[in-house]
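What's in input_38.txt: compact mmCIF, C-alpha atoms
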# COMPACT_ATOMS: atom_id res chain seq x y z
CA MET A 1242 -5.95 -12.92 -38.54
CA ILE A 1243 -7.09 -10.87 -35.54
CA PRO A 1244 -8.61 -13.87 -33.68
CA VAL A 1245 -5.37 -15.80 -34.22
CA MET A 1246 -3.31 -12.92 -32.81
CA LEU A 1247 -5.65 -12.57 -29.84
CA ARG A 1248 -5.36 -16.27 -29.05
CA GLY A 1249 -1.58 -15.95 -29.15
CA MET A 1250 -1.73 -13.11 -26.61
CA ALA A 1251 -4.23 -14.87 -24.32
CA PRO A 1252 -1.64 -16.51 -21.99
CA ARG A 1253 0.05 -13.15 -21.51
CA LEU A 1254 -3.22 -11.63 -20.37
CA VAL A 1255 -2.85 -13.70 -17.21
CA LEU A 1256 0.37 -11.81 -16.46
CA VAL A 1257 -1.39 -8.52 -17.22
CA ALA A 1258 -4.14 -9.48 -14.77
CA LEU A 1259 -1.53 -10.29 -12.11
CA ALA A 1260 0.13 -6.92 -12.75
CA GLY A 1261 -3.25 -5.21 -12.35
CA PHE A 1262 -3.81 -6.98 -9.03
CA MET A 1263 -0.34 -5.94 -7.87
CA PHE A 1264 -1.05 -2.30 -8.71
CA TYR A 1265 -4.39 -2.58 -6.90
CA LEU A 1266 -2.57 -3.68 -3.77
CA LEU A 1267 -0.05 -0.86 -4.14
CA GLU A 1268 -2.55 1.89 -5.01
CA PRO A 1269 -2.90 4.09 -1.88
CA SER A 1270 -6.23 5.56 -3.03
CA PHE A 1271 -7.89 2.15 -2.76
CA HIS A 1272 -6.70 1.67 0.81
CA GLN A 1273 -7.36 5.11 2.25
CA HIS A 1274 -9.55 4.89 5.33
CA GLY A 1275 -11.20 8.05 6.50
CA PRO A 1276 -10.75 11.56 5.09
CA ALA A 1277 -7.64 12.20 3.01
CA PRO A 1278 -4.92 14.35 4.61
CA ALA A 1279 -5.09 18.04 3.81
CA GLY A 1280 -3.69 18.78 0.38
CA MET A 1281 -3.83 15.11 -0.68
CA GLU A 1282 -7.48 14.95 -1.66
CA ALA A 1283 -6.76 14.86 -5.40
CA GLU A 1284 -3.90 12.34 -5.17
CA LEU A 1285 -5.99 9.98 -3.05
CA GLY A 1286 -9.13 10.42 -5.13
CA PRO A 1287 -10.19 9.19 -8.56
CA ARG A 1288 -7.79 11.47 -10.43
CA GLY A 1289 -4.90 10.07 -8.43
CA LEU A 1290 -5.49 6.66 -10.01
CA ALA A 1291 -3.90 8.00 -13.21
CA ALA A 1292 -0.40 7.04 -12.01
CA SER A 1293 -1.33 3.37 -11.56
CA LEU A 1294 -3.23 3.40 -14.86
CA SER A 1295 -0.11 4.73 -16.59
CA ASN A 1296 2.20 2.15 -15.03
CA LEU A 1297 -0.19 -0.71 -15.77
CA ALA A 1298 -0.67 0.31 -19.41
CA GLY A 1299 3.07 0.69 -19.99
CA LEU A 1300 3.95 -2.61 -18.36
CA SER A 1301 1.11 -4.34 -20.22
CA MET A 1302 2.61 -3.29 -23.55
CA LEU A 1303 5.93 -4.87 -22.58
CA VAL A 1304 4.22 -8.09 -21.47
CA LEU A 1305 1.91 -8.39 -24.46
CA LEU A 1306 4.42 -7.44 -27.16
CA GLY A 1307 7.68 -8.80 -25.82
CA GLY A 1308 9.34 -10.77 -28.63
CA PHE A 1309 6.51 -10.07 -31.08
CA ILE A 1310 9.01 -9.45 -33.90
CA SER A 1311 12.23 -11.04 -32.67
CA THR A 1312 10.64 -14.44 -31.96
CA ASP A 1313 9.29 -14.68 -35.51
CA ARG A 1314 12.68 -13.79 -36.94
CA ARG A 1315 14.58 -16.20 -34.68
CA ARG A 1316 12.25 -19.16 -35.27
CA GLY A 1317 11.71 -18.51 -38.96
CA TYR A 1318 7.96 -17.94 -38.65
CA TYR A 1319 8.26 -15.14 -41.20
CA ARG A 1320 8.55 -17.82 -43.93
CA LEU A 1321 5.04 -18.93 -43.05
CA PHE A 1322 3.54 -15.50 -42.35
CA PHE A 1323 4.91 -13.87 -45.47
CA ALA A 1324 4.68 -16.78 -47.89
CA HIS A 1325 1.63 -14.89 -49.17
CA PRO A 1326 1.80 -11.22 -50.21
CA VAL A 1327 1.48 -9.75 -46.71
CA ASN A 1328 3.16 -6.48 -45.80
CA PRO A 1329 5.32 -7.00 -42.67
CA LEU A 1330 4.58 -3.44 -41.54
CA ALA A 1331 0.83 -4.07 -41.75
CA PHE A 1332 1.14 -7.44 -40.03
CA TYR A 1333 3.20 -6.22 -37.08
CA GLY A 1334 1.39 -2.90 -37.01
CA LEU A 1335 -1.87 -4.78 -36.49
CA ARG A 1336 -0.32 -6.87 -33.73
CA TRP A 1337 1.02 -3.70 -32.07
CA ALA A 1338 -2.40 -2.03 -32.31
CA LEU A 1339 -4.03 -5.07 -30.70
CA GLY A 1340 -1.51 -4.88 -27.87
CA LEU A 1341 -2.32 -1.20 -27.43
CA GLY A 1342 -6.04 -1.93 -27.33
CA LEU A 1343 -5.60 -4.69 -24.75
CA ALA A 1344 -3.32 -2.51 -22.60
CA LEU A 1345 -5.95 0.25 -22.55
CA LEU A 1346 -8.65 -2.32 -21.84
CA ALA A 1347 -6.60 -3.50 -18.85
CA ALA A 1348 -6.36 0.09 -17.63
CA LEU A 1349 -10.13 0.54 -18.03
CA VAL A 1350 -10.87 -2.67 -16.11
CA PHE A 1351 -8.48 -1.53 -13.38
CA LEU A 1352 -10.18 1.89 -13.18
CA VAL A 1353 -13.72 0.51 -13.02
CA GLY A 1354 -13.13 -2.75 -11.17
CA GLY A 1355 -10.75 -1.20 -8.66
CA GLN A 1356 -13.20 1.52 -7.68
CA ILE A 1357 -16.08 -0.90 -7.31
CA ALA A 1358 -13.97 -3.30 -5.25
CA ALA A 1359 -12.46 -0.59 -3.02
CA TRP A 1360 -15.19 2.03 -2.83
CA GLY A 1361 -18.33 0.18 -3.93
CA GLU A 1362 -19.07 2.84 -6.56
CA LEU A 1363 -17.63 4.69 -9.53
CA ARG A 1364 -16.27 8.14 -8.69
CA GLY A 1365 -14.65 9.11 -12.00
CA GLY A 1366 -11.02 9.44 -12.91
CA TRP A 1367 -11.62 8.89 -16.62
CA SER A 1368 -9.02 11.50 -17.57
CA GLY A 1369 -6.38 9.10 -16.27
CA LEU A 1370 -6.97 6.93 -19.34
CA GLY A 1371 -5.30 9.66 -21.39
CA LEU A 1372 -2.13 9.24 -19.35
CA ALA A 1373 -2.45 5.47 -19.74
CA LEU A 1374 -2.58 5.94 -23.52
CA LEU A 1375 0.57 8.07 -23.47
CA SER A 1376 2.43 5.52 -21.36
CA ALA A 1377 1.31 2.70 -23.65
CA VAL A 1378 2.57 4.59 -26.71
CA VAL A 1379 5.91 5.34 -25.00
CA TYR A 1380 6.64 1.78 -23.94
CA GLY A 1381 4.99 0.33 -27.02
CA GLY A 1382 7.44 2.27 -29.16
CA VAL A 1383 10.35 1.09 -27.04
CA ILE A 1384 9.40 -2.61 -27.20
CA ALA A 1385 8.72 -2.39 -30.95
CA PHE A 1386 12.19 -0.98 -31.60
CA LEU A 1387 13.95 -3.46 -29.32
CA SER A 1388 12.05 -6.39 -30.81
CA ALA A 1389 12.99 -5.30 -34.33
CA LEU A 1390 16.61 -4.70 -33.32
CA LEU A 1391 17.48 -7.62 -31.02
CA PRO A 1392 17.35 -11.33 -31.92
CA ARG A 1393 16.17 -12.25 -28.41
CA GLY A 1394 15.71 -10.82 -24.92
CA ASP A 1395 13.96 -7.62 -26.00
CA ALA A 1396 11.23 -8.03 -23.37
CA TRP A 1397 13.77 -8.39 -20.56
CA VAL A 1398 15.74 -5.39 -21.79
CA ALA A 1399 12.54 -3.32 -21.92
CA ILE A 1400 11.45 -4.40 -18.42
CA VAL A 1401 14.91 -3.58 -17.05
CA LEU A 1402 14.61 -0.14 -18.64
CA PHE A 1403 11.12 0.18 -17.15
CA MET A 1404 12.44 -0.52 -13.65
CA PHE A 1405 15.79 1.29 -14.03
CA ASN A 1406 13.98 4.43 -15.11
CA TYR A 1407 12.26 4.76 -11.74
CA PHE A 1408 15.42 4.06 -9.73
CA TRP A 1409 17.41 6.49 -11.90
CA LEU A 1410 14.95 9.36 -11.45
CA TYR A 1411 14.60 8.58 -7.73
CA ALA A 1412 18.37 8.69 -7.32
CA LEU A 1413 18.60 12.00 -9.17
CA GLY A 1414 15.81 13.35 -7.00
CA LEU A 1415 17.87 12.49 -3.92
CA GLY A 1416 20.84 14.35 -5.34
CA VAL A 1417 22.86 11.28 -6.28
CA GLU A 1418 25.15 12.06 -9.24
CA PRO A 1419 26.86 8.84 -10.41
CA PHE A 1420 28.09 10.39 -13.68
CA ALA A 1421 29.16 13.74 -15.04
CA ALA A 1422 26.35 16.13 -15.97
CA PRO A 1423 26.55 15.59 -19.79
CA ILE A 1424 26.36 11.81 -19.35
CA ARG A 1425 23.43 12.12 -16.94
CA GLN A 1426 21.59 14.31 -19.43
CA VAL A 1427 22.14 11.81 -22.26
CA ILE A 1428 20.93 8.90 -20.11
CA THR A 1429 17.86 10.82 -18.99
CA PHE A 1430 17.10 11.83 -22.58
CA LEU A 1431 17.37 8.28 -23.93
CA LEU A 1432 15.33 6.66 -21.16
CA PRO A 1433 11.53 6.64 -21.45
CA PRO A 1434 10.24 10.14 -20.55
CA GLN A 1435 8.98 9.35 -17.07
CA THR A 1436 9.54 12.96 -16.01
CA ALA A 1437 7.26 14.18 -18.80
CA LEU A 1438 4.64 11.57 -17.87
CA GLN A 1439 4.90 12.75 -14.27
CA ASP A 1440 4.29 16.32 -15.46
CA VAL A 1441 1.17 15.15 -17.30
CA TYR A 1442 0.04 13.43 -14.10
CA GLN A 1443 0.54 16.58 -12.05
CA GLY A 1444 -1.44 18.49 -14.66
CA LEU A 1445 -4.32 16.04 -14.25
CA ILE A 1446 -4.18 16.46 -10.49
CA SER A 1447 -4.15 20.26 -10.65
CA GLY A 1448 -6.65 20.51 -13.49
CA GLN A 1449 -4.13 22.30 -15.71
CA PRO A 1450 -3.21 20.05 -18.66
CA GLU A 1451 0.48 19.87 -19.56
CA TRP A 1452 0.16 19.69 -23.32
CA GLY A 1453 3.87 20.17 -23.94
CA ALA A 1454 4.81 17.21 -21.75
CA ALA A 1455 2.07 15.12 -23.36
CA ALA A 1456 3.34 15.97 -26.85
CA PHE A 1457 6.92 15.11 -25.87
CA SER A 1458 5.85 11.75 -24.45
CA ALA A 1459 3.82 10.88 -27.53
CA GLY A 1460 6.66 12.00 -29.80
CA TYR A 1461 9.14 9.81 -27.92
CA GLY A 1462 7.03 6.69 -28.39
CA LEU A 1463 6.28 7.47 -32.04
CA PHE A 1464 9.97 8.08 -32.75
CA TRP A 1465 10.93 4.57 -31.65
CA LEU A 1466 7.88 3.14 -33.41
CA VAL A 1467 9.00 4.74 -36.68
CA ALA A 1468 12.55 3.50 -36.06
CA ALA A 1469 11.18 -0.03 -35.65
CA ALA A 1470 9.28 0.31 -38.92
CA LEU A 1471 12.44 1.43 -40.70
CA LEU A 1472 14.32 -1.59 -39.35
CA LEU A 1473 11.59 -3.87 -40.66
CA ARG A 1474 11.83 -2.26 -44.07
CA LEU A 1475 15.62 -2.17 -44.31
CA ARG A 1476 16.73 -5.33 -42.52
CA GLU A 1477 17.04 -8.46 -44.61
CA TRP A 1478 15.87 -11.41 -42.57
CA PRO A 1479 17.76 -14.71 -42.91

Would you write the structure of this file as structure tokens?
Amino acid sequence: MIPVMLRGMAPRLVLVALAGFMFYLLEPSFHQHGPAPAGMEAELGPRGLAASLSNLAGLSMLVLLGGFISTDRRRGYYRLFFAHPVNPLAFYGLRWALGLGLALLAALVFLVGGQIAAWGELRGGWSGLGLALLSAVVYGGVIAFLSALLPRGDAWVAIVLFMFNYFWLYALGLGVEPFAAPIRQVITFLLPPQTALQDVYQGLISGQPEWGAAAFSAGYGLFWLVAAALLLRLREWP
């Protein structure tokens, strides 16, 4: 079963590789020439790679798992998959776990390959893989819920949320207030916890782990993952 699932994800790995190359081009640490500016040594060093690792892992989950439930339901593949006594939760849980493993593998390749390509050596930054794991769990939970909920388009909805999240927080940081405070708070709460992930990143940079922010991020992803599992258990497929 695992080889079959991996073969199904293989074409999407090309998109993951393209995303990794894009983040390599955008990563300032890989293009810093000369000594880093004062106060920016950590951000432009190996630990600063954690932000790109996080973004790559989260986006990889959306690419690898987009439609992984909704497509089967829409095309009737479940009749084939579950003609034998196979638990849907185990089946899709395994597929989700494979996506998580591949997303973390992509982050590891980015960390190692990027340093060798840019610096000619490995300088560390392994703690950034922890942030990549958190981001993968967050966005993996989101895509699992959307794929269990929507009949189609879950990947596009998740990617729009991924992008909107950054623009929303950037706008709030600039003081833009498009809605009343209670509505802004609800939107911020429902969106993926990018602020908490940013707090974890700052903790990595400063050497002071933000365990509370890490726990909130993990809890957010697990909440939507459990919600997806409940939908699989309760929804009667046509």

Which of these, A:Val1257, A:Leu1402, A:Ala1459, A:Val1417, has the shortest distance to A:Phe1351 once you count only C-alpha atoms?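 Of A:Val1257, A:Leu1402, A:Ala1459, A:Val1417, the one nearest A:Phe1351, counting only C-alpha atoms, is A:Val1257.
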
With a cut-off of 10 Å, could you pull out the residues of stretch 1357-1473 of chain A touching stretch 1336-1341 of chain A and give me the nearest pair of atoms for each, distance in Å to one decimal, using all atoms listed in the file, ordered by chain and ascending number, as a tab-separated table?
residue	atom	partner	partner_atom	distance
A:Leu1374	CA	A:Leu1341	CA	8.1
A:Ala1377	CA	A:Leu1341	CA	6.5
A:Val1378	CA	A:Leu1341	CA	7.6
A:Gly1381	CA	A:Leu1341	CA	7.5
A:Gly1382	CA	A:Trp1337	CA	9.2
A:Ile1384	CA	A:Trp1337	CA	9.8
A:Ala1385	CA	A:Trp1337	CA	7.9
A:Leu1466	CA	A:Trp1337	CA	9.8

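The smallest atom-to-atom distance between A:Glu1268 and any of A:Ala1412, A:Asp1395, A:Ser1293, A:Gly1286, using only C-alpha atoms, is found for A:Ser1293.
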
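Compared by their closest atoms to A:Gly1354, and using all atoms listed in the file, the residues A:Gly1261, A:Ser1311, A:Gly1453, A:Gly1460 rank with A:Gly1261 nearest.
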
Between A:Ile1243, A:Leu1256, A:Leu1363, A:Ala1455, which one has atoms that come closest to A:Gln1439, using only C-alpha atoms?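 Of A:Ile1243, A:Leu1256, A:Leu1363, A:Ala1455, the one nearest A:Gln1439 is A:Ala1455, counting only C-alpha atoms.
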
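Distances here use only C-alpha atoms; by that measure, the residue among A:Met1281, A:Leu1375, A:Leu1410, A:Ile1428 closest to A:Tyr1461 is A:Leu1375.
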
Grab the atom CA of A:Met1242 to atom CA of A:Phe1332 distance for me, in Å with one decimal place.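 Answer for the atom CA of A:Met1242 to atom CA of A:Phe1332 separation: 9.1 Å.
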
With only C-alpha atoms as the atoms that count, which of A:Gly1299, A:Pro1434, A:Gly1289, A:Gly1394 lies nearest to A:Leu1343?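 Closest to A:Leu1343 of all the choices is A:Gly1299.
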
Can you work out the spacing between atom CA of A:Ala1260 and atom CA of A:Phe1309 in Å, to one decimal?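 Interatomic distance here is 19.7 Å.
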
Could you please determine the separation between atom CA of A:Gly1365 and atom CA of A:Leu1297 in Å, to one decimal place? 17.9 Å

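For the point (1.9, 20.4, -17.8), the residues with an atom at a distance of at most 9 Å are Ala1437, Gln1439, Asp1440, Val1441, Tyr1442, Gln1443, Gly1444, Leu1445, Gln1449, Pro1450, Glu1451, Trp1452, Gly1453, Ala1454 and Ala1455 of chain A, counting only C-alpha atoms.
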
Include C-alpha atoms and write out the residues we just selected as a PDB file, in the frame of the given file.
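Once everything was written out, this is selection_23.pdb:
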ATOM      1  CA  ALA A1437       7.260  14.180 -18.800  1.00  0.00           C
ATOM      2  CA  GLN A1439       4.900  12.750 -14.270  1.00  0.00           C
ATOM      3  CA  ASP A1440       4.290  16.320 -15.460  1.00  0.00           C
ATOM      4  CA  VAL A1441       1.170  15.150 -17.300  1.00  0.00           C
ATOM      5  CA  TYR A1442       0.040  13.430 -14.100  1.00  0.00           C
ATOM      6  CA  GLN A1443       0.540  16.580 -12.050  1.00  0.00           C
ATOM      7  CA  GLY A1444      -1.440  18.490 -14.660  1.00  0.00           C
ATOM      8  CA  LEU A1445      -4.320  16.040 -14.250  1.00  0.00           C
ATOM      9  CA  GLN A1449      -4.130  22.300 -15.710  1.00  0.00           C
ATOM     10  CA  PRO A1450      -3.210  20.050 -18.660  1.00  0.00           C
ATOM     11  CA  GLU A1451       0.480  19.870 -19.560  1.00  0.00           C
ATOM     12  CA  TRP A1452       0.160  19.690 -23.320  1.00  0.00           C
ATOM     13  CA  GLY A1453       3.870  20.170 -23.940  1.00  0.00           C
ATOM     14  CA  ALA A1454       4.810  17.210 -21.750  1.00  0.00           C
ATOM     15  CA  ALA A1455       2.070  15.120 -23.360  1.00  0.00           C
TER      16      ALA A1455
END

Using 6 Å of padding on each side, determine the axis-aligned box around all atoms of stretch 1399-1410 of chain A present in the file and give its centre and edge lengths in Å to one decimal, as lines of an AutoDock Vina configuration file.
center_x = 14.3
center_y = 2.5
center_z = -15.8
size_x = 18.3
size_y = 25.8
size_z = 24.2

Name all residues at most 10 Å from A:Arg1474 (count only C-alpha atoms; drop same-chain ones fewer than 3 positions away) and give them as a PyMOL selection string. chain A and resi 1328-1330+1468-1471+1477
